[in-house]
Amino acid sequence: MERKSVWNDRDYFERRPPLEGDRTTDVLVIGAGAAGLLTALRLTQSGREVTLVDAGRTCGGATNNTTAKITAQHGLIYTRLKKQFGARAARAYAALNSRAIGEYESLVQSRGIDCGFERLANFVYSLDDERILREETLAAAEAGLDVHFVRETGLPFETVGAVKTENQAQFHPLRFFSAVARDLTIFENTRVTDFREGEACTPGGRIRARQIVFAGHYPFLNRPGYYFMRQHQERSHVLVLEGAQLPDGMFIDEKGGGLSLRRAGRYVLLGGANHRTGEPGGGYEWLAEQAQKYFPNCNIIDKFSNQDCMPIDGLPYIGRYSSRWERVYVATGFQKWGMTTAMAAADILAALIENRPCPEAELFTPARGPSRGVGNLLRDGGKFVKGIAVEHFGGASHTVEDLAPGQARRVKLDGRRLGVYRSETGELFAVETRCPHLGCSLEWNPDERSWDCPCHGSRFDYRGRRLDGPAEQGAAKKDHL
Ligand SMILES: Cc1cc2nc3c(=O)[nH]c(=O)nc-3n(C[C@H](O)[C@H](O)[C@H](O)COP(=O)(O)OP(=O)(O)OC[C@H]3O[C@@H](n4cnc5c(N)ncnc54)[C@H](O)[C@@H]3O)c2cc1C
Ligand code: FES
């Protein structure tokens with residue numbers, strides 16, 4: 001399904017046909033978002049024949065609804081990396097992500113891409129904890145970033161200061177990626193339904209490939225790889241404000257649910273209100289309150305939301321998909337920092353495929369054990385057990401008579417557990433609440449009128465159509481109530 005965001009004021013991407021018939025290629029890249037496009041570009045530049053396929057339109061997934069800050073300062077990551085993985089790992093992370101910013105700039109300049117690429121400082125601010133900002137400043141500087149603590153941010157609310165990282169960047173993602181996509185071989189509306197070493201299946205034909213890269217955001221194959229046990233998804237919401245003033249820079253609260261701000265042309269993007277997909281959000285309402293408080297003269301002209309994969313140990317998975325497959329690769333778990341991470345993934349995957357040394361690859365290898373994320377592994381396991389239990393034993397009403405327009409509820413009718421939504425015009429829509437991925441119970445998301453899964457983040461609209469994976473199909477519908 002195509003999504004709407006501040007970026008797609010027009011269709012930036014040339015339409016590509018779906019695959020019809022079998023095909024043989026050197027490298028198959030599954031997914032034409034930021035990660036897939038950059039990986040395909042890198043491999044094409046070194047002379048490989050690359051085929052990209054996307055289940056929908058190019059950049060129709062998470063990359064369509066990003067805030068597109070290009071920074072190596074991913075929140076307070078360096079303190080954590082140093083503690084969890086050591087100072088060497090923190091340096092490798094900083095080097096790879098800083099290099100990514102330079103690579104974006106080189107592409108913009110060498111290809112003359114008109115995408116508003118602009119170098120700016122990034123500020124990670126705190127409302128109440130100066131100590132952690134100072135600690136992060138030291139850790140980030142030690143990792144190699146040009147960073148310092150500042151007391152003043154220029155934001156229209158009080159902070160105790162910020163970690164300011166110089167020379168980061170922002171851009172218009174769709175203008176940039178449409179220029180990248182232009183010369184690549186892409187088949188749109190071509191969903192890969194299965195793949196293994198050397199071969200992938202799509203409804204239009206089989207693709208034989210020496211190497212396969214899965215860049216489809218959340219791996220839909222449960223085995224091998226078991227990515228569903230190693231990451232969940234988190235949603236964030238963004239308001240587009242007109243008439244709001246913001247000082248130079250990009251800003252983000254060190255606290256997960258706090259505000260993220262950047263300018264986008266004459267607008268300000270006000271993001272935040274993160275929550276695990278499938279859990280209560282109320283994101284737009286809270287953001288609108290913040291907009292009114294801090295930018296009282298602005299108009300909210302649009303809104304969008306999006307989700308990303310959150311790995312259990314806080315590091316993306318980039319490398320071989322599974323130790324069982326020698327020539328299949330993956331890039332996932334970007335934890336809402338997919339702009340630099342996608343470029344880093346392209347660097348790492350191209351090096352692995354071309355058998356070149358890549359010292360940073362070891363840090364991101366999906367073959368690492370869960371030892372540094374055991375707490376999150378257990379928490380996610382607990383969510384899964386709860387999601388299954390709710391589906392089998394959770395409370396459900398037996399009637400929809402009193403359901404008001406715009407509301408939804410879980411009901412049990414004719415032995416089936418259904419999620420029923422009554423539209424503003426009074427029409428009833430019913431879908432099974434059993435998630436087609438692994439059977440957890442779907443939860444109603446009133447902000448976006450969708451049924452969302454708290455286990456791994458699949459989402460469906462109220463008609464049951466799939467919005468986000470890992471589920472591959474829509475939710476089962478019941479036509480007559
Ligand atoms: C609100 C929000 C704000 C963000 N802001 C920033 C930011 O400021 N800076 C930053 O660095 N990051 C940001 N991110 C994160 C960033 O947007 C993502 O990490 C990034 O866009 C992910 O890119 P991707 O290529 O992995 O996924 P996608 O863009 O989702 O691309 C995957 C593609 O694969 C396709 N696909 C999936 N399954 C299949 C299949 N079976 N067969 C064929 N195709 C398939 C999909 O259709 C899709 O087009 C933000 C995220 C959120 C949620
Ligand atoms: S997304 Fe995995 S069970 Fe729903």
# chains A, B, ... in the order shown; residues from 1 in each chain; ligands from 1

call {"tool": "closest_atom_pairs", "arguments": {"of": "chain A", "to": "ligand 1", "cutoff": "6 Å", "atoms": "only C-alpha atoms and all ligand atoms", "output": "tab-separated table"}}
result
residue	atom	partner	partner_atom_place_in_ligand_line	distance
A:Ile30	CA	ligand 1	43 (C)	5.0
A:Gly31	CA	ligand 1	34 (O)	3.1
A:Ala32	CA	ligand 1	33 (C)	4.9
A:Gly33	CA	ligand 1	31 (O)	3.4
A:Ala34	CA	ligand 1	25 (O)	3.9
A:Ala35	CA	ligand 1	25 (O)	3.9
A:Gly36	CA	ligand 1	25 (O)	5.6
A:Val53	CA	ligand 1	43 (C)	5.4
A:Asp54	CA	ligand 1	44 (N)	3.5
A:Ala55	CA	ligand 1	44 (N)	3.8
A:Gly56	CA	ligand 1	47 (O)	4.8
A:Thr58	CA	ligand 1	49 (O)	5.6
A:Cys59	CA	ligand 1	49 (O)	4.9
A:Gly60	CA	ligand 1	49 (O)	4.7
A:Gly61	CA	ligand 1	30 (O)	3.7
A:Ala62	CA	ligand 1	30 (O)	3.7
A:Thr63	CA	ligand 1	21 (O)	3.3
A:Thr66	CA	ligand 1	4 (C)	3.9
A:Thr67	CA	ligand 1	5 (N)	3.8
A:Ala68	CA	ligand 1	8 (O)	3.8
A:Lys69	CA	ligand 1	8 (O)	3.6
A:Ile70	CA	ligand 1	11 (O)	5.4
A:Thr190	CA	ligand 1	43 (C)	5.9
A:Arg191	CA	ligand 1	42 (N)	3.7
A:Val192	CA	ligand 1	42 (N)	3.8
A:Thr193	CA	ligand 1	41 (N)	5.7
A:Ala215	CA	ligand 1	26 (O)	5.8
A:Gly216	CA	ligand 1	34 (O)	3.3
A:His217	CA	ligand 1	26 (O)	4.2
A:Arg235	CA	ligand 1	53 (C)	5.6
A:Ser236	CA	ligand 1	1 (C)	4.4
A:His237	CA	ligand 1	1 (C)	5.5
A:Ser305	CA	ligand 1	1 (C)	5.5
A:Asn306	CA	ligand 1	53 (C)	4.1
A:Gln307	CA	ligand 1	53 (C)	3.8
A:Asp308	CA	ligand 1	53 (C)	4.9
A:Thr332	CA	ligand 1	26 (O)	5.9
A:Phe334	CA	ligand 1	19 (O)	4.8
A:Lys336	CA	ligand 1	15 (C)	3.4
A:Trp337	CA	ligand 1	11 (O)	3.3
A:Gly338	CA	ligand 1	19 (O)	3.1
A:Met339	CA	ligand 1	11 (O)	3.5
A:Thr340	CA	ligand 1	11 (O)	5.4

call {"tool": "residues_around", "arguments": {"residues": "A:Trp451", "least_positions_apart": "4", "cutoff": "12 Å", "atoms": "only C-alpha atoms", "output": "number ranges by chain"}}
result
A: 277-280, 408-410, 418-421, 429-436, 440-447, 457-468, 474-476

call {"tool": "select_by_dssp", "arguments": {"residues": "stretch 186-349 of chain A", "states": "helix (DSSP H, G or I)", "output": "mmCIF file with N, CA and C atoms, in the first residue's frame"}}
result
data_model
loop_
_atom_site.group_PDB
_atom_site.id
_atom_site.type_symbol
_atom_site.label_atom_id
_atom_site.label_comp_id
_atom_site.auth_asym_id
_atom_site.auth_seq_id
_atom_site.Cartn_x
_atom_site.Cartn_y
_atom_site.Cartn_z
ATOM 1 N N TYR A 227 14.825 -13.954 12.998
ATOM 2 C CA TYR A 227 14.847 -12.508 13.306
ATOM 3 C C TYR A 227 13.648 -12.095 14.148
ATOM 4 N N PHE A 228 12.553 -12.861 14.056
ATOM 5 C CA PHE A 228 11.368 -12.489 14.838
ATOM 6 C C PHE A 228 11.640 -12.607 16.342
ATOM 7 N N MET A 229 12.657 -13.383 16.710
ATOM 8 C CA MET A 229 13.002 -13.493 18.133
ATOM 9 C C MET A 229 14.021 -12.434 18.535
ATOM 10 N N GLY A 283 -0.253 9.065 19.946
ATOM 11 C CA GLY A 283 0.873 9.898 19.546
ATOM 12 C C GLY A 283 0.501 11.245 18.977
ATOM 13 N N TYR A 284 -0.469 11.283 18.081
ATOM 14 C CA TYR A 284 -0.797 12.546 17.414
ATOM 15 C C TYR A 284 -1.362 13.569 18.395
ATOM 16 N N GLU A 285 -2.177 13.071 19.314
ATOM 17 C CA GLU A 285 -2.808 13.969 20.288
ATOM 18 C C GLU A 285 -1.736 14.654 21.140
ATOM 19 N N TRP A 286 -0.797 13.847 21.627
ATOM 20 C CA TRP A 286 0.269 14.391 22.476
ATOM 21 C C TRP A 286 1.131 15.369 21.679
ATOM 22 N N LEU A 287 1.455 15.005 20.445
ATOM 23 C CA LEU A 287 2.281 15.897 19.625
ATOM 24 C C LEU A 287 1.563 17.216 19.354
ATOM 25 N N ALA A 288 0.245 17.138 19.123
ATOM 26 C CA ALA A 288 -0.518 18.369 18.858
ATOM 27 C C ALA A 288 -0.484 19.279 20.086
ATOM 28 N N GLU A 289 -0.541 18.672 21.276
ATOM 29 C CA GLU A 289 -0.445 19.483 22.506
ATOM 30 C C GLU A 289 0.913 20.174 22.580
ATOM 31 N N GLN A 290 1.973 19.443 22.233
ATOM 32 C CA GLN A 290 3.327 20.023 22.282
ATOM 33 C C GLN A 290 3.445 21.143 21.251
ATOM 34 N N ALA A 291 2.855 20.923 20.071
ATOM 35 C CA ALA A 291 2.932 21.936 19.014
ATOM 36 C C ALA A 291 2.251 23.217 19.484
ATOM 37 N N GLN A 292 1.100 23.050 20.112
ATOM 38 C CA GLN A 292 0.357 24.223 20.576
ATOM 39 C C GLN A 292 1.123 24.973 21.662
ATOM 40 N N LYS A 293 1.778 24.192 22.540
ATOM 41 C CA LYS A 293 2.505 24.789 23.658
ATOM 42 C C LYS A 293 3.742 25.560 23.170
ATOM 43 N N TYR A 294 4.512 24.935 22.276
ATOM 44 C CA TYR A 294 5.817 25.508 21.929
ATOM 45 C C TYR A 294 5.815 26.339 20.638
ATOM 46 N N GLY A 338 18.006 4.703 10.032
ATOM 47 C CA GLY A 338 18.290 3.966 8.801
ATOM 48 C C GLY A 338 18.962 4.754 7.692
ATOM 49 N N MET A 339 19.092 6.068 7.840
ATOM 50 C CA MET A 339 19.744 6.802 6.738
ATOM 51 C C MET A 339 21.239 6.466 6.706
ATOM 52 N N THR A 340 21.953 6.753 7.794
ATOM 53 C CA THR A 340 23.379 6.387 7.780
ATOM 54 C C THR A 340 23.538 4.866 7.821
ATOM 55 N N THR A 341 22.626 4.172 8.534
ATOM 56 C CA THR A 341 22.810 2.722 8.660
ATOM 57 C C THR A 341 22.636 2.026 7.311
ATOM 58 N N ALA A 342 21.725 2.536 6.475
ATOM 59 C CA ALA A 342 21.540 1.920 5.152
ATOM 60 C C ALA A 342 22.815 2.084 4.319
ATOM 61 N N MET A 343 23.432 3.257 4.423
ATOM 62 C CA MET A 343 24.680 3.477 3.671
ATOM 63 C C MET A 343 25.781 2.556 4.231
ATOM 64 N N ALA A 344 25.819 2.442 5.564
ATOM 65 C CA ALA A 344 26.800 1.552 6.194
ATOM 66 C C ALA A 344 26.548 0.113 5.743
ATOM 67 N N ALA A 345 25.268 -0.269 5.665
ATOM 68 C CA ALA A 345 24.928 -1.631 5.234
ATOM 69 C C ALA A 345 25.408 -1.864 3.807
ATOM 70 N N ALA A 346 25.217 -0.856 2.951
ATOM 71 C CA ALA A 346 25.659 -1.002 1.556
ATOM 72 C C ALA A 346 27.177 -1.234 1.515
ATOM 73 N N ASP A 347 27.912 -0.496 2.344
ATOM 74 C CA ASP A 347 29.375 -0.656 2.387
ATOM 75 C C ASP A 347 29.752 -2.073 2.838
ATOM 76 N N ILE A 348 29.116 -2.496 3.927
ATOM 77 C CA ILE A 348 29.480 -3.801 4.505
ATOM 78 C C ILE A 348 29.095 -4.937 3.555
ATOM 79 N N LEU A 349 27.861 -4.880 3.033
ATOM 80 C CA LEU A 349 27.396 -5.989 2.192
ATOM 81 C C LEU A 349 28.191 -6.064 0.886
#

call {"tool": "residues_around", "arguments": {"residues": "A:Arg80", "least_positions_apart": "3", "cutoff": "10 Å", "atoms": "only C-alpha atoms", "output": "list of chain:residue names"}}
result
A:Leu76, A:Ile77, A:Lys83, A:Gln84, A:Phe85, A:Gly86, A:Ala90, A:Glu136, A:Ala139, A:Gly314

call {"tool": "residues_around", "arguments": {"residues": "A:Glu326", "least_positions_apart": "6", "cutoff": "12 Å", "atoms": "only C-alpha atoms", "output": "PDB file with N, CA and C atoms, in the first residue's frame"}}
result
ATOM      1  N   ARG A 196      15.780 -18.889  -0.905  1.00  0.00           N
ATOM      2  CA  ARG A 196      16.815 -19.735  -0.311  1.00  0.00           C
ATOM      3  C   ARG A 196      18.075 -19.439  -1.083  1.00  0.00           C
ATOM      4  N   GLU A 197      19.160 -20.114  -0.728  1.00  0.00           N
ATOM      5  CA  GLU A 197      20.411 -19.835  -1.422  1.00  0.00           C
ATOM      6  C   GLU A 197      20.242 -20.064  -2.926  1.00  0.00           C
ATOM      7  N   GLY A 198      20.529 -19.034  -3.704  1.00  0.00           N
ATOM      8  CA  GLY A 198      20.533 -19.177  -5.166  1.00  0.00           C
ATOM      9  C   GLY A 198      19.205 -18.914  -5.852  1.00  0.00           C
ATOM     10  N   ARG A 210      23.264 -15.540  -7.957  1.00  0.00           N
ATOM     11  CA  ARG A 210      24.440 -16.050  -7.228  1.00  0.00           C
ATOM     12  C   ARG A 210      24.390 -15.567  -5.782  1.00  0.00           C
ATOM     13  N   GLN A 211      24.035 -14.286  -5.613  1.00  0.00           N
ATOM     14  CA  GLN A 211      23.972 -13.710  -4.272  1.00  0.00           C
ATOM     15  C   GLN A 211      22.579 -13.099  -4.085  1.00  0.00           C
ATOM     16  N   ILE A 212      22.060 -13.197  -2.870  1.00  0.00           N
ATOM     17  CA  ILE A 212      20.763 -12.573  -2.573  1.00  0.00           C
ATOM     18  C   ILE A 212      20.921 -11.684  -1.330  1.00  0.00           C
ATOM     19  N   VAL A 213      20.387 -10.470  -1.428  1.00  0.00           N
ATOM     20  CA  VAL A 213      20.404  -9.558  -0.272  1.00  0.00           C
ATOM     21  C   VAL A 213      18.957  -9.309   0.139  1.00  0.00           C
ATOM     22  N   GLY A 319      24.838  -8.438   7.428  1.00  0.00           N
ATOM     23  CA  GLY A 319      25.820  -9.481   7.105  1.00  0.00           C
ATOM     24  C   GLY A 319      25.129 -10.713   6.559  1.00  0.00           C
ATOM     25  N   ARG A 320      25.717 -11.898   6.801  1.00  0.00           N
ATOM     26  CA  ARG A 320      25.107 -13.141   6.291  1.00  0.00           C
ATOM     27  C   ARG A 320      23.788 -13.391   7.009  1.00  0.00           C
ATOM     28  N   LEU A 352      31.438  -7.723   1.699  1.00  0.00           N
ATOM     29  CA  LEU A 352      31.300  -9.181   1.913  1.00  0.00           C
ATOM     30  C   LEU A 352      31.099  -9.895   0.584  1.00  0.00           C
ATOM     31  N   ILE A 353      30.241  -9.343  -0.262  1.00  0.00           N
ATOM     32  CA  ILE A 353      29.932  -9.985  -1.547  1.00  0.00           C
ATOM     33  C   ILE A 353      31.166  -9.985  -2.447  1.00  0.00           C
TER      34      ILE A 353
END

call {"tool": "closest_residue", "arguments": {"among": "A:Asp248, A:Asp146, A:Glu242, A:Asp380", "to": "ligand 2", "atoms": "only C-alpha atoms and all ligand atoms"}}
result
A:Asp380

call {"tool": "closest_residue", "arguments": {"among": "A:Arg372, A:Arg449, A:Lys478, A:Lys383", "to": "ligand 2", "atoms": "only C-alpha atoms and all ligand atoms"}}
result
A:Lys383

call {"tool": "residues_around", "arguments": {"residues": "A:Leu28", "least_positions_apart": "4", "cutoff": "6 Å", "atoms": "only C-alpha atoms", "output": "PDB file with all heavy atoms, in the first residue's frame"}}
result
ATOM      1  N   VAL A  50      22.772  -6.362 -11.142  1.00  0.00           N
ATOM      2  CA  VAL A  50      21.919  -6.404  -9.950  1.00  0.00           C
ATOM      3  C   VAL A  50      20.455  -6.248 -10.363  1.00  0.00           C
ATOM      4  O   VAL A  50      20.118  -5.377 -11.169  1.00  0.00           O
ATOM      5  CB  VAL A  50      22.277  -5.257  -8.971  1.00  0.00           C
ATOM      6  CG1 VAL A  50      21.417  -5.334  -7.723  1.00  0.00           C
ATOM      7  CG2 VAL A  50      23.757  -5.303  -8.608  1.00  0.00           C
ATOM      8  N   THR A  51      19.600  -7.092  -9.794  1.00  0.00           N
ATOM      9  CA  THR A  51      18.153  -6.952  -9.988  1.00  0.00           C
ATOM     10  C   THR A  51      17.529  -6.619  -8.641  1.00  0.00           C
ATOM     11  O   THR A  51      17.784  -7.311  -7.654  1.00  0.00           O
ATOM     12  CB  THR A  51      17.544  -8.275 -10.515  1.00  0.00           C
ATOM     13  OG1 THR A  51      18.184  -8.605 -11.737  1.00  0.00           O
ATOM     14  CG2 THR A  51      16.044  -8.157 -10.725  1.00  0.00           C
ATOM     15  N   LEU A  52      16.735  -5.561  -8.622  1.00  0.00           N
ATOM     16  CA  LEU A  52      16.010  -5.184  -7.397  1.00  0.00           C
ATOM     17  C   LEU A  52      14.545  -5.517  -7.587  1.00  0.00           C
ATOM     18  O   LEU A  52      13.988  -5.236  -8.654  1.00  0.00           O
ATOM     19  CB  LEU A  52      16.102  -3.677  -7.222  1.00  0.00           C
ATOM     20  CG  LEU A  52      17.123  -3.082  -6.283  1.00  0.00           C
ATOM     21  CD1 LEU A  52      17.382  -1.647  -6.680  1.00  0.00           C
ATOM     22  CD2 LEU A  52      16.606  -3.110  -4.854  1.00  0.00           C
ATOM     23  N   ALA A 209      19.876 -16.327  -8.611  1.00  0.00           N
ATOM     24  CA  ALA A 209      20.887 -15.312  -8.349  1.00  0.00           C
ATOM     25  C   ALA A 209      22.052 -15.945  -7.593  1.00  0.00           C
ATOM     26  O   ALA A 209      21.841 -16.759  -6.687  1.00  0.00           O
ATOM     27  CB  ALA A 209      20.291 -14.178  -7.511  1.00  0.00           C
ATOM     28  N   ILE A 212      22.060 -13.197  -2.870  1.00  0.00           N
ATOM     29  CA  ILE A 212      20.763 -12.573  -2.573  1.00  0.00           C
ATOM     30  C   ILE A 212      20.921 -11.684  -1.330  1.00  0.00           C
ATOM     31  O   ILE A 212      21.532 -12.101  -0.338  1.00  0.00           O
ATOM     32  CB  ILE A 212      19.669 -13.638  -2.318  1.00  0.00           C
ATOM     33  CG1 ILE A 212      19.420 -14.440  -3.602  1.00  0.00           C
ATOM     34  CG2 ILE A 212      18.368 -12.990  -1.824  1.00  0.00           C
ATOM     35  CD1 ILE A 212      18.346 -15.505  -3.494  1.00  0.00           C
TER      36      ILE A 212
END

call {"tool": "closest_residue", "arguments": {"among": "A:His232, A:His275, A:Arg206, A:His437", "to": "ligand 2", "atoms": "only C-alpha atoms and all ligand atoms"}}
result
A:His437

call {"tool": "atom_distance", "arguments": {"atom1": "atom CA of A:Gly116", "atom2": "atom CA of A:Gly75"}}
result
23.5 Å

call {"tool": "select_by_dssp", "arguments": {"residues": "stretch 180-409 of chain A", "states": "strand (DSSP E or B)", "output": "JSON, numbers by chain"}}
result
{"A": [185, 186, 187, 194, 195, 196, 199, 200, 201, 202, 205, 206, 207, 208, 209, 210, 211, 212, 213, 214, 231, 232, 233, 234, 235, 236, 237, 238, 239, 240, 241, 242, 250, 251, 252, 253, 260, 261, 262, 263, 264, 267, 268, 269, 270, 271, 272, 273, 274, 275, 276, 299, 300, 301, 302, 303, 304, 305, 306, 307, 308, 309, 310, 311, 317, 318, 319, 320, 321, 322, 325, 326, 327, 328, 329, 330, 331, 332, 397, 408, 409]}

call {"tool": "closest_residue", "arguments": {"among": "A:His148, A:Arg88, A:His172, A:Arg10", "to": "A:Asp114", "atoms": "only C-alpha atoms"}}
result
A:His172

call {"tool": "decode", "arguments": {"residues": "stretch 275-287 of chain A", "atoms": "N, CA and C atoms", "output": "mmCIF file, in the first residue's frame"}}
result
data_model
loop_
_atom_site.group_PDB
_atom_site.id
_atom_site.type_symbol
_atom_site.label_atom_id
_atom_site.label_comp_id
_atom_site.auth_asym_id
_atom_site.auth_seq_id
_atom_site.Cartn_x
_atom_site.Cartn_y
_atom_site.Cartn_z
ATOM 1 N N HIS A 275 6.250 4.344 20.575
ATOM 2 C CA HIS A 275 5.726 3.243 21.388
ATOM 3 C C HIS A 275 5.850 1.954 20.604
ATOM 4 N N ARG A 276 5.901 0.863 21.326
ATOM 5 C CA ARG A 276 5.970 -0.433 20.664
ATOM 6 C C ARG A 276 4.718 -0.606 19.806
ATOM 7 N N THR A 277 4.875 -1.076 18.596
ATOM 8 C CA THR A 277 3.721 -1.309 17.723
ATOM 9 C C THR A 277 2.755 -2.266 18.429
ATOM 10 N N GLY A 278 1.476 -1.931 18.378
ATOM 11 C CA GLY A 278 0.469 -2.808 19.002
ATOM 12 C C GLY A 278 0.184 -2.437 20.444
ATOM 13 N N GLU A 279 0.932 -1.475 20.975
ATOM 14 C CA GLU A 279 0.653 -1.017 22.338
ATOM 15 C C GLU A 279 0.079 0.388 22.263
ATOM 16 N N PRO A 280 -0.623 0.830 23.324
ATOM 17 C CA PRO A 280 -1.303 2.120 23.240
ATOM 18 C C PRO A 280 -0.362 3.262 22.890
ATOM 19 N N GLY A 281 -0.828 4.172 22.031
ATOM 20 C CA GLY A 281 0.029 5.250 21.558
ATOM 21 C C GLY A 281 -0.518 6.637 21.883
ATOM 22 N N GLY A 282 -1.571 7.037 21.200
ATOM 23 C CA GLY A 282 -2.096 8.392 21.378
ATOM 24 C C GLY A 282 -1.106 9.436 20.917
ATOM 25 N N GLY A 283 -0.253 9.065 19.946
ATOM 26 C CA GLY A 283 0.873 9.898 19.546
ATOM 27 C C GLY A 283 0.501 11.245 18.977
ATOM 28 N N TYR A 284 -0.469 11.283 18.081
ATOM 29 C CA TYR A 284 -0.797 12.546 17.414
ATOM 30 C C TYR A 284 -1.362 13.569 18.395
ATOM 31 N N GLU A 285 -2.177 13.071 19.314
ATOM 32 C CA GLU A 285 -2.808 13.969 20.288
ATOM 33 C C GLU A 285 -1.736 14.654 21.140
ATOM 34 N N TRP A 286 -0.797 13.847 21.627
ATOM 35 C CA TRP A 286 0.269 14.391 22.476
ATOM 36 C C TRP A 286 1.131 15.369 21.679
ATOM 37 N N LEU A 287 1.455 15.005 20.445
ATOM 38 C CA LEU A 287 2.281 15.897 19.625
ATOM 39 C C LEU A 287 1.563 17.216 19.354
#
